[in-house]
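J.: Below is the file input-v5.cif, with mmCIF, C-alpha atoms.
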data_target
#
loop_
_atom_site.group_PDB
_atom_site.id
_atom_site.type_symbol
_atom_site.label_atom_id
_atom_site.label_comp_id
_atom_site.auth_asym_id
_atom_site.auth_seq_id
_atom_site.Cartn_x
_atom_site.Cartn_y
_atom_site.Cartn_z
ATOM 1 C CA GLU A 1 15.769 15.757 25.852
ATOM 2 C CA LEU A 2 12.825 15.306 23.491
ATOM 3 C CA ALA A 3 14.171 17.981 21.142
ATOM 4 C CA ARG A 4 17.604 16.300 21.174
ATOM 5 C CA ARG A 5 16.124 12.913 20.282
ATOM 6 C CA ALA A 6 14.010 14.429 17.494
ATOM 7 C CA ARG A 7 17.075 16.176 16.060
ATOM 8 C CA ILE A 8 19.026 12.913 16.030
ATOM 9 C CA THR A 9 16.178 10.774 14.647
ATOM 10 C CA LEU A 10 15.353 13.200 11.809
ATOM 11 C CA ARG A 11 19.026 14.045 11.115
ATOM 12 C CA LEU A 12 18.288 17.743 11.492
ATOM 13 C CA ASP A 13 21.983 18.311 12.163
ATOM 14 C CA HIS A 14 22.859 17.136 8.653
ATOM 15 C CA ASP A 15 23.360 19.815 5.994
ATOM 16 C CA LEU A 16 21.503 18.701 2.839
ATOM 17 C CA SER A 17 22.132 21.890 0.864
ATOM 18 C CA GLY A 18 24.461 20.133 -1.563
ATOM 19 C CA PHE A 19 21.980 17.306 -2.090
ATOM 20 C CA TYR A 20 19.133 19.774 -2.631
ATOM 21 C CA ALA A 21 21.238 21.751 -5.127
ATOM 22 C CA LEU A 22 21.682 18.599 -7.206
ATOM 23 C CA CYS A 23 17.949 17.838 -6.992
ATOM 24 C CA ARG A 24 17.090 21.283 -8.340
ATOM 25 C CA MET A 25 19.037 20.446 -11.487
ATOM 26 C CA ASP A 26 16.645 17.580 -12.318
ATOM 27 C CA ALA A 27 13.005 18.445 -13.033
ATOM 28 C CA ARG A 28 11.893 15.092 -11.635
ATOM 29 C CA LEU A 29 13.527 15.788 -8.253
ATOM 30 C CA ARG A 30 12.727 19.455 -7.700
ATOM 31 C CA ALA A 31 9.920 18.619 -5.299
ATOM 32 C CA ILE A 32 12.471 17.118 -2.866
ATOM 33 C CA PRO A 33 14.056 20.447 -1.802
ATOM 34 C CA LYS A 34 10.687 22.178 -2.119
ATOM 35 C CA TYR A 35 9.175 19.984 0.584
ATOM 36 C CA GLY A 36 12.380 19.411 2.522
ATOM 37 C CA VAL A 37 12.295 15.619 2.225
ATOM 38 C CA GLY A 38 15.108 13.154 1.660
ATOM 39 C CA ARG A 39 16.326 12.477 5.205
ATOM 40 C CA LEU A 40 16.755 8.903 6.402
ATOM 41 C CA ILE A 41 15.382 8.240 9.874
ATOM 42 C CA ARG A 42 17.906 6.935 12.388
ATOM 43 C CA GLY A 43 17.767 5.716 15.966
ATOM 44 C CA THR A 44 18.801 7.726 19.012
ATOM 45 C CA THR A 45 21.178 5.034 20.264
ATOM 46 C CA LEU A 46 23.816 2.782 18.744
ATOM 47 C CA PHE A 47 21.864 -0.289 19.874
ATOM 48 C CA GLU A 48 18.693 0.858 18.079
ATOM 49 C CA ASP A 49 20.579 1.594 14.862
ATOM 50 C CA THR A 50 22.336 -1.780 15.060
ATOM 51 C CA VAL A 51 19.016 -3.596 15.380
ATOM 52 C CA LYS A 52 17.561 -1.601 12.500
ATOM 53 C CA ALA A 53 20.560 -2.338 10.312
ATOM 54 C CA ILE A 54 20.200 -6.059 10.975
ATOM 55 C CA ALA A 55 16.462 -5.858 10.259
ATOM 56 C CA TRP A 56 17.044 -3.889 7.052
ATOM 57 C CA THR A 57 15.044 -0.870 8.154
ATOM 58 C CA ASN A 58 17.606 1.821 7.375
ATOM 59 C CA THR A 59 18.249 0.989 3.759
ATOM 60 C CA THR A 60 18.455 2.572 0.329
ATOM 61 C CA TRP A 61 16.583 1.985 -2.929
ATOM 62 C CA THR A 62 19.065 -0.773 -3.714
ATOM 63 C CA GLN A 63 18.158 -2.614 -0.541
ATOM 64 C CA ALA A 64 14.428 -2.089 -1.190
ATOM 65 C CA VAL A 65 14.810 -3.663 -4.618
ATOM 66 C CA LYS A 66 16.705 -6.572 -3.060
ATOM 67 C CA MET A 67 13.898 -7.131 -0.566
ATOM 68 C CA ILE A 68 11.276 -7.113 -3.318
ATOM 69 C CA SER A 69 13.249 -9.305 -5.694
ATOM 70 C CA SER A 70 13.945 -11.884 -2.993
ATOM 71 C CA ALA A 71 10.256 -12.154 -2.046
ATOM 72 C CA ARG A 72 8.507 -15.267 -3.323
ATOM 73 C CA ARG A 73 4.937 -14.208 -2.488
ATOM 74 C CA PRO A 74 4.704 -10.396 -2.309
ATOM 75 C CA ILE A 75 1.444 -8.473 -2.064
ATOM 76 C CA LEU A 76 0.697 -4.786 -2.606
ATOM 77 C CA LEU A 77 -1.526 -2.711 -0.298
ATOM 78 C CA GLY A 78 -2.749 0.755 -1.289
ATOM 79 C CA GLY A 79 -4.005 3.479 1.056
ATOM 80 C CA ASP A 80 -5.791 6.813 1.054
ATOM 81 C CA GLU A 81 -2.745 8.907 0.121
ATOM 82 C CA ILE A 82 -3.003 7.515 -3.410
ATOM 83 C CA TYR A 83 -6.156 9.600 -3.847
ATOM 84 C CA SER A 84 -4.944 12.678 -1.973
ATOM 85 C CA THR A 85 -1.821 12.778 -4.175
ATOM 86 C CA MET A 86 -3.706 11.769 -7.352
ATOM 87 C CA THR A 87 -1.274 8.929 -8.072
ATOM 88 C CA GLN A 88 -3.788 6.242 -9.060
ATOM 89 C CA HIS A 89 -2.054 5.742 -12.424
ATOM 90 C CA LEU A 90 1.302 5.224 -10.721
ATOM 91 C CA PHE A 91 -0.202 2.754 -8.253
ATOM 92 C CA ILE A 92 -1.652 0.775 -11.160
ATOM 93 C CA ASN A 93 1.738 0.818 -12.905
ATOM 94 C CA LEU A 94 3.428 -0.399 -9.712
ATOM 95 C CA GLY A 95 1.000 -3.272 -9.312
ATOM 96 C CA GLU A 96 1.435 -4.349 -12.917
ATOM 97 C CA ALA A 97 5.218 -4.152 -12.606
ATOM 98 C CA LEU A 98 5.118 -6.400 -9.536
ATOM 99 C CA ARG A 99 2.531 -8.793 -11.037
ATOM 100 C CA CYS A 100 1.253 -9.728 -7.582
ATOM 101 C CA PRO A 101 -2.072 -9.659 -5.690
ATOM 102 C CA VAL A 102 -3.214 -6.110 -4.929
ATOM 103 C CA PHE A 103 -5.389 -5.003 -2.013
ATOM 104 C CA THR A 104 -6.760 -1.595 -1.068
ATOM 105 C CA THR A 105 -7.993 -0.142 2.193
ATOM 106 C CA PHE A 106 -11.537 1.213 2.378
ATOM 107 C CA ALA A 107 -10.235 4.753 1.829
ATOM 108 C CA ALA A 108 -8.360 3.646 -1.295
ATOM 109 C CA SER A 109 -11.217 1.620 -2.758
ATOM 110 C CA GLY A 110 -10.962 1.861 -6.531
ATOM 111 C CA ALA A 111 -7.376 3.145 -6.629
ATOM 112 C CA LEU A 112 -6.815 -0.026 -8.600
ATOM 113 C CA PRO A 113 -10.072 -0.835 -10.421
ATOM 114 C CA GLN A 114 -11.745 -3.736 -8.675
ATOM 115 C CA SER A 115 -12.290 -5.252 -12.108
ATOM 116 C CA HIS A 116 -8.512 -5.411 -12.570
ATOM 117 C CA PRO A 117 -7.239 -9.028 -12.793
ATOM 118 C CA GLN A 118 -4.801 -8.486 -9.908
ATOM 119 C CA TRP A 119 -7.226 -6.968 -7.381
ATOM 120 C CA LEU A 120 -8.514 -9.151 -4.562
ATOM 121 C CA SER A 121 -10.970 -8.310 -1.821
ATOM 122 C CA TYR A 122 -9.557 -8.269 1.689
ATOM 123 C CA ALA A 123 -12.797 -9.841 2.908
ATOM 124 C CA SER A 124 -12.690 -12.781 0.483
ATOM 125 C CA ALA A 125 -11.422 -16.227 1.419
ATOM 126 C CA VAL A 126 -8.936 -16.283 -1.430
ATOM 127 C CA GLY A 127 -7.752 -12.805 -0.473
ATOM 128 C CA ALA A 128 -7.207 -13.873 3.121
ATOM 129 C CA ALA A 129 -5.253 -16.913 1.927
ATOM 130 C CA ALA A 130 -3.045 -14.739 -0.313
ATOM 131 C CA ILE A 131 -2.302 -12.473 2.650
ATOM 132 C CA SER A 132 -1.566 -15.353 5.030
ATOM 133 C CA GLU A 133 0.905 -16.959 2.629
ATOM 134 C CA SER A 134 2.643 -13.689 1.680
ATOM 135 C CA ASP A 135 6.252 -13.069 2.697
ATOM 136 C CA LEU A 136 6.426 -9.353 1.822
ATOM 137 C CA VAL A 137 3.872 -6.535 1.998
ATOM 138 C CA LEU A 138 4.553 -3.337 0.064
ATOM 139 C CA VAL A 139 2.356 -0.568 1.485
ATOM 140 C CA VAL A 140 1.703 2.619 -0.494
ATOM 141 C CA GLY A 141 0.346 5.649 1.328
ATOM 142 C CA SER A 142 -1.310 3.977 4.297
ATOM 143 C CA CYS A 143 -0.836 3.842 8.066
ATOM 144 C CA ILE A 144 -2.097 0.204 7.924
ATOM 145 C CA PRO A 145 -5.413 0.980 9.622
ATOM 146 C CA GLU A 146 -8.032 -0.987 11.503
ATOM 147 C CA ASN A 147 -9.935 -2.101 8.381
ATOM 148 C CA VAL A 148 -6.897 -4.200 7.423
ATOM 149 C CA ASN A 149 -6.480 -5.352 11.041
ATOM 150 C CA TYR A 150 -3.388 -3.205 11.554
ATOM 151 C CA GLY A 151 -1.430 -5.691 9.444
ATOM 152 C CA ARG A 152 -1.121 -7.928 12.512
ATOM 153 C CA GLN A 153 -4.404 -9.729 13.070
ATOM 154 C CA ARG A 154 -6.747 -12.162 11.313
ATOM 155 C CA PRO A 155 -5.282 -13.024 7.844
ATOM 156 C CA PHE A 156 -1.991 -11.325 8.729
ATOM 157 C CA ALA A 157 -1.509 -13.372 11.898
ATOM 158 C CA PRO A 158 -0.134 -16.524 10.183
ATOM 159 C CA GLY A 159 3.502 -15.904 9.324
ATOM 160 C CA ASN A 160 3.521 -12.481 10.995
ATOM 161 C CA ASP A 161 6.987 -12.978 12.486
ATOM 162 C CA GLN A 162 8.559 -13.870 9.141
ATOM 163 C CA ARG A 163 6.710 -11.417 6.879
ATOM 164 C CA ARG A 164 8.624 -8.310 5.803
ATOM 165 C CA TRP A 165 7.056 -4.877 5.371
ATOM 166 C CA ILE A 166 8.046 -1.943 3.162
ATOM 167 C CA VAL A 167 6.081 1.302 3.574
ATOM 168 C CA LEU A 168 6.037 4.255 1.198
ATOM 169 C CA GLU A 169 4.754 7.175 3.260
ATOM 170 C CA GLN A 170 5.025 10.960 3.158
ATOM 171 C CA ASP A 171 4.358 11.354 6.889
ATOM 172 C CA ALA A 172 7.203 9.895 8.941
ATOM 173 C CA SER A 173 5.124 10.116 12.121
ATOM 174 C CA ALA A 174 2.619 7.622 10.655
ATOM 175 C CA VAL A 175 5.244 4.901 10.215
ATOM 176 C CA GLY A 176 5.259 2.179 12.832
ATOM 177 C CA VAL A 177 2.164 3.431 14.653
ATOM 178 C CA ASN A 178 -0.018 0.386 14.014
ATOM 179 C CA ARG A 179 2.715 -2.165 13.370
ATOM 180 C CA THR A 180 6.471 -2.321 12.995
ATOM 181 C CA VAL A 181 7.928 -2.232 9.489
ATOM 182 C CA ASP A 182 11.242 -3.335 8.023
ATOM 183 C CA LEU A 183 11.778 -0.426 5.663
ATOM 184 C CA ALA A 184 10.172 3.018 5.509
ATOM 185 C CA ILE A 185 10.705 5.167 2.433
ATOM 186 C CA ILE A 186 9.664 8.718 3.311
ATOM 187 C CA GLY A 187 8.596 11.083 0.545
ATOM 188 C CA ARG A 188 5.716 12.303 -1.580
ATOM 189 C CA LEU A 189 4.180 9.552 -3.693
ATOM 190 C CA PRO A 190 4.336 11.518 -6.979
ATOM 191 C CA GLU A 191 8.134 11.613 -6.581
ATOM 192 C CA ILE A 192 8.995 8.246 -5.046
ATOM 193 C CA LEU A 193 6.580 5.962 -6.927
ATOM 194 C CA PRO A 194 8.166 6.606 -10.363
ATOM 195 C CA GLN A 195 11.588 5.859 -8.883
ATOM 196 C CA LEU A 196 10.419 2.569 -7.424
ATOM 197 C CA ILE A 197 8.640 1.540 -10.632
ATOM 198 C CA ASP A 198 11.779 2.358 -12.633
ATOM 199 C CA ALA A 199 13.958 0.368 -10.232
ATOM 200 C CA ILE A 200 11.614 -2.621 -10.470
ATOM 201 C CA ASP A 201 11.494 -2.447 -14.273
ATOM 202 C CA ARG A 202 15.295 -2.304 -14.489
ATOM 203 C CA ASN A 203 16.255 -4.794 -11.826
ATOM 204 C CA ILE A 204 13.489 -7.274 -11.128
ATOM 205 C CA THR A 205 12.667 -9.979 -13.620
ATOM 206 C CA ASN A 206 11.493 -12.786 -11.355
ATOM 207 C CA CYS A 207 8.804 -10.991 -9.354
ATOM 208 C CA SER A 208 5.671 -12.738 -10.512
ATOM 209 C CA ILE A 209 2.895 -14.789 -8.989
ATOM 210 C CA THR A 210 2.192 -17.696 -11.270
ATOM 211 C CA ASP A 211 -1.231 -18.389 -9.789
ATOM 212 C CA ILE A 212 -2.615 -14.832 -9.770
ATOM 213 C CA GLU A 213 -5.047 -15.741 -12.555
ATOM 214 C CA ALA A 214 -6.294 -18.713 -10.541
ATOM 215 C CA LYS A 215 -6.677 -16.530 -7.449
ATOM 216 C CA ARG A 216 -8.679 -13.976 -9.392
ATOM 217 C CA ALA A 217 -10.889 -16.672 -10.919
ATOM 218 C CA THR A 218 -11.554 -18.071 -7.447
ATOM 219 C CA PHE A 219 -12.384 -14.598 -6.172
ATOM 220 C CA GLU A 220 -14.857 -14.008 -9.001
ATOM 221 C CA LYS A 221 -16.612 -17.275 -8.153
ATOM 222 C CA GLU A 222 -16.746 -16.241 -4.492
ATOM 223 C CA ARG A 223 -18.234 -12.921 -5.505
ATOM 224 C CA GLU A 224 -20.879 -14.578 -7.680
ATOM 225 C CA VAL A 225 -21.965 -16.683 -4.700
ATOM 226 C CA ALA A 226 -22.023 -13.617 -2.442
ATOM 227 C CA ILE A 227 -24.116 -11.645 -4.938
ATOM 228 C CA ALA A 228 -26.571 -14.522 -5.331
ATOM 229 C CA SER A 229 -27.042 -14.612 -1.554
ATOM 230 C CA VAL A 230 -28.038 -10.924 -1.276
ATOM 231 C CA PRO A 231 -31.755 -10.863 -0.440
ATOM 232 C CA TRP A 232 -34.504 -9.081 -2.359
ATOM 233 C CA GLY A 233 -37.501 -7.425 -0.743
ATOM 234 C CA GLU A 234 -38.267 -4.557 1.559
ATOM 235 C CA PRO A 235 -36.712 -2.909 3.396
ATOM 236 C CA ILE A 236 -33.940 -3.040 0.808
ATOM 237 C CA HIS A 237 -30.783 -4.750 1.974
ATOM 238 C CA PRO A 238 -27.704 -2.428 1.906
ATOM 239 C CA ASN A 239 -25.837 -4.864 -0.349
ATOM 240 C CA ARG A 240 -28.793 -4.939 -2.747
ATOM 241 C CA LEU A 241 -28.741 -1.148 -2.839
ATOM 242 C CA MET A 242 -25.066 -1.209 -3.817
ATOM 243 C CA LEU A 243 -25.640 -3.793 -6.548
ATOM 244 C CA GLU A 244 -28.550 -1.849 -8.052
ATOM 245 C CA ALA A 245 -26.675 1.445 -7.809
ATOM 246 C CA ARG A 246 -23.705 -0.177 -9.567
ATOM 247 C CA GLU A 247 -25.913 -0.978 -12.559
ATOM 248 C CA ALA A 248 -27.287 2.568 -12.694
ATOM 249 C CA VAL A 249 -24.114 4.619 -12.159
ATOM 250 C CA PRO A 250 -21.650 5.109 -15.058
ATOM 251 C CA ASP A 251 -18.184 3.658 -14.585
ATOM 252 C CA ASP A 252 -16.526 7.095 -14.824
ATOM 253 C CA ALA A 253 -18.825 8.772 -12.298
ATOM 254 C CA VAL A 254 -17.359 10.620 -9.314
ATOM 255 C CA ILE A 255 -18.879 9.048 -6.209
ATOM 256 C CA VAL A 256 -19.222 10.961 -2.942
ATOM 257 C CA THR A 257 -20.291 9.048 0.169
ATOM 258 C CA ASP A 258 -20.715 9.802 3.842
ATOM 259 C CA VAL A 259 -18.474 8.093 6.361
ATOM 260 C CA GLY A 260 -19.744 5.168 8.347
ATOM 261 C CA PHE A 261 -20.597 1.531 7.827
ATOM 262 C CA THR A 262 -21.827 2.182 4.271
ATOM 263 C CA VAL A 263 -18.180 2.078 3.192
ATOM 264 C CA VAL A 264 -18.133 -1.656 3.959
ATOM 265 C CA TYR A 265 -21.118 -2.360 1.714
ATOM 266 C CA GLN A 266 -19.828 -0.289 -1.192
ATOM 267 C CA HIS A 267 -16.318 -1.727 -0.928
ATOM 268 C CA ASP A 268 -17.670 -5.267 -1.276
ATOM 269 C CA PHE A 269 -20.617 -4.814 -3.658
ATOM 270 C CA PHE A 270 -20.165 -1.552 -5.569
ATOM 271 C CA GLU A 271 -17.413 -2.624 -7.949
ATOM 272 C CA LYS A 272 -15.038 0.214 -8.895
ATOM 273 C CA ARG A 273 -14.267 -0.302 -12.564
#
Is it possible to express this structure as structure tokens?
T.:
Amino acid sequence: ELARRARITLRLDHDLSGFYALCRMDARLRAIPKYGVGRLIRGTTLFEDTVKAIAWTNTTWTQAVKMISSARRPILLGGDEIYSTMTQHLFINLGEALRCPVFTTFAASGALPQSHPQWLSYASAVGAAAISESDLVLVVGSCIPENVNYGRQRPFAPGNDQRRWIVLEQDASAVGVNRTVDLAIIGRLPEILPQLIDAIDRNITNCSITDIEAKRATFEKEREVAIASVPWGEPIHPNRLMLEAREAVPDDAVIVTDVGFTVVYQHDFFEKR
């Protein structure tokens, strides 16, 4: 029974040889047949598929663009797969095309430079407000982990029932684990991000947040206050260590850190430029 449900959900009974043959003719799409991607997930029952259709989960690029263009307060959230696929430049291009607030998980810290005028800290008051008032979250390469409260709690709690979610993810099994989403686009980020950016550039002209500059200015003031509150003295405070290290380490340095609570300190006080 489990094998039958998996076959239906992943459309393993569909012959994609013709589709893959067309992809091999375009250099930009050759990775699709190479990795065997391109299948749309479906439900195992008519009822499930009906609900998904109503909720816009089983949609195409056209529907994704419609969801983004109809959003009044979208935000962008980047995850660790941006680094593992080396698509930082594409993530930056996506954020600038959307012209909206951008957040990153701990594992994606620096995927968009924290000095970028669109980046906001998840831990900041202005960042929390931007999340709470958002009506669409576009997630790139993340399972929506605990350090962003699974996309359900704290700043995400207000408006949770009305907020729509689009997830770009290469691992279908990671979708919907921590929260339900409205649309999952399955594929490798190096292939699907350029397509989304192109679709946004061609079709979306009204996706902008008029107060993003004000939000960033407020965040910078919050950060100045936070920095001023970091104590001096011995033993050295972890936040002070991050601030001093930031002054000593070149902006283009490759930084390797151990896992653990240090990631919180460096995410907040070691600015990735």
J.: For A:Tyr20, list every protein, DNA or RNA residue within 12 Å, evaluated using all atoms listed in the file, and leave out those in the same chain fewer than 3 positions away; present the list as a list of chain:residue names.
T.: A:Asp15, A:Leu16, A:Ser17, A:Cys23, A:Arg24, A:Met25, A:Asp26, A:Leu29, A:Arg30, A:Ala31, A:Ile32, A:Pro33, A:Lys34, A:Tyr35, A:Gly36, A:Val37, A:Gly38, A:Arg39
J.: For a quick check of understanding, using all atoms listed in the file, which of A:Val230, A:Val263, A:Ala174, A:Ala64 has the smallest distance to A:Gln195?
T.: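 The answer is A:Ala64, which sits nearest to A:Gln195.
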J.: For atom CA of A:Leu120 and atom CA of A:Leu138, quote the distance in Å rounded to one decimal.
T.: 15.0 Å
J.: Point out the residue among A:Ala71, A:Ala3, A:Gln63, A:Cys100 with the least atom-to-atom distance to A:Glu213, counting all atoms listed in the file.
T.: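 Among A:Ala71, A:Ala3, A:Gln63, A:Cys100, it is A:Cys100 that comes nearest to A:Glu213.
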J.: Hey, can you check how far atom CA of A:Ala157 sits from atom CA of A:Thr218?
T.: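 Going from atom CA of A:Ala157 over to atom CA of A:Thr218 covers 22.3 Å.
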J.: Mind giving me the straight-line distance from atom CA of A:Arg73 to atom CA of A:Asp135 in Å, one decimal?
T.: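 Separation between atom CA of A:Arg73 and atom CA of A:Asp135: 5.5 Å.
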J.: Just checking: using all atoms listed in the file, which residue out of A:Pro190, A:Val102, A:Pro158, A:Arg5 ends up closest to A:Ser84?
T.: A:Pro190
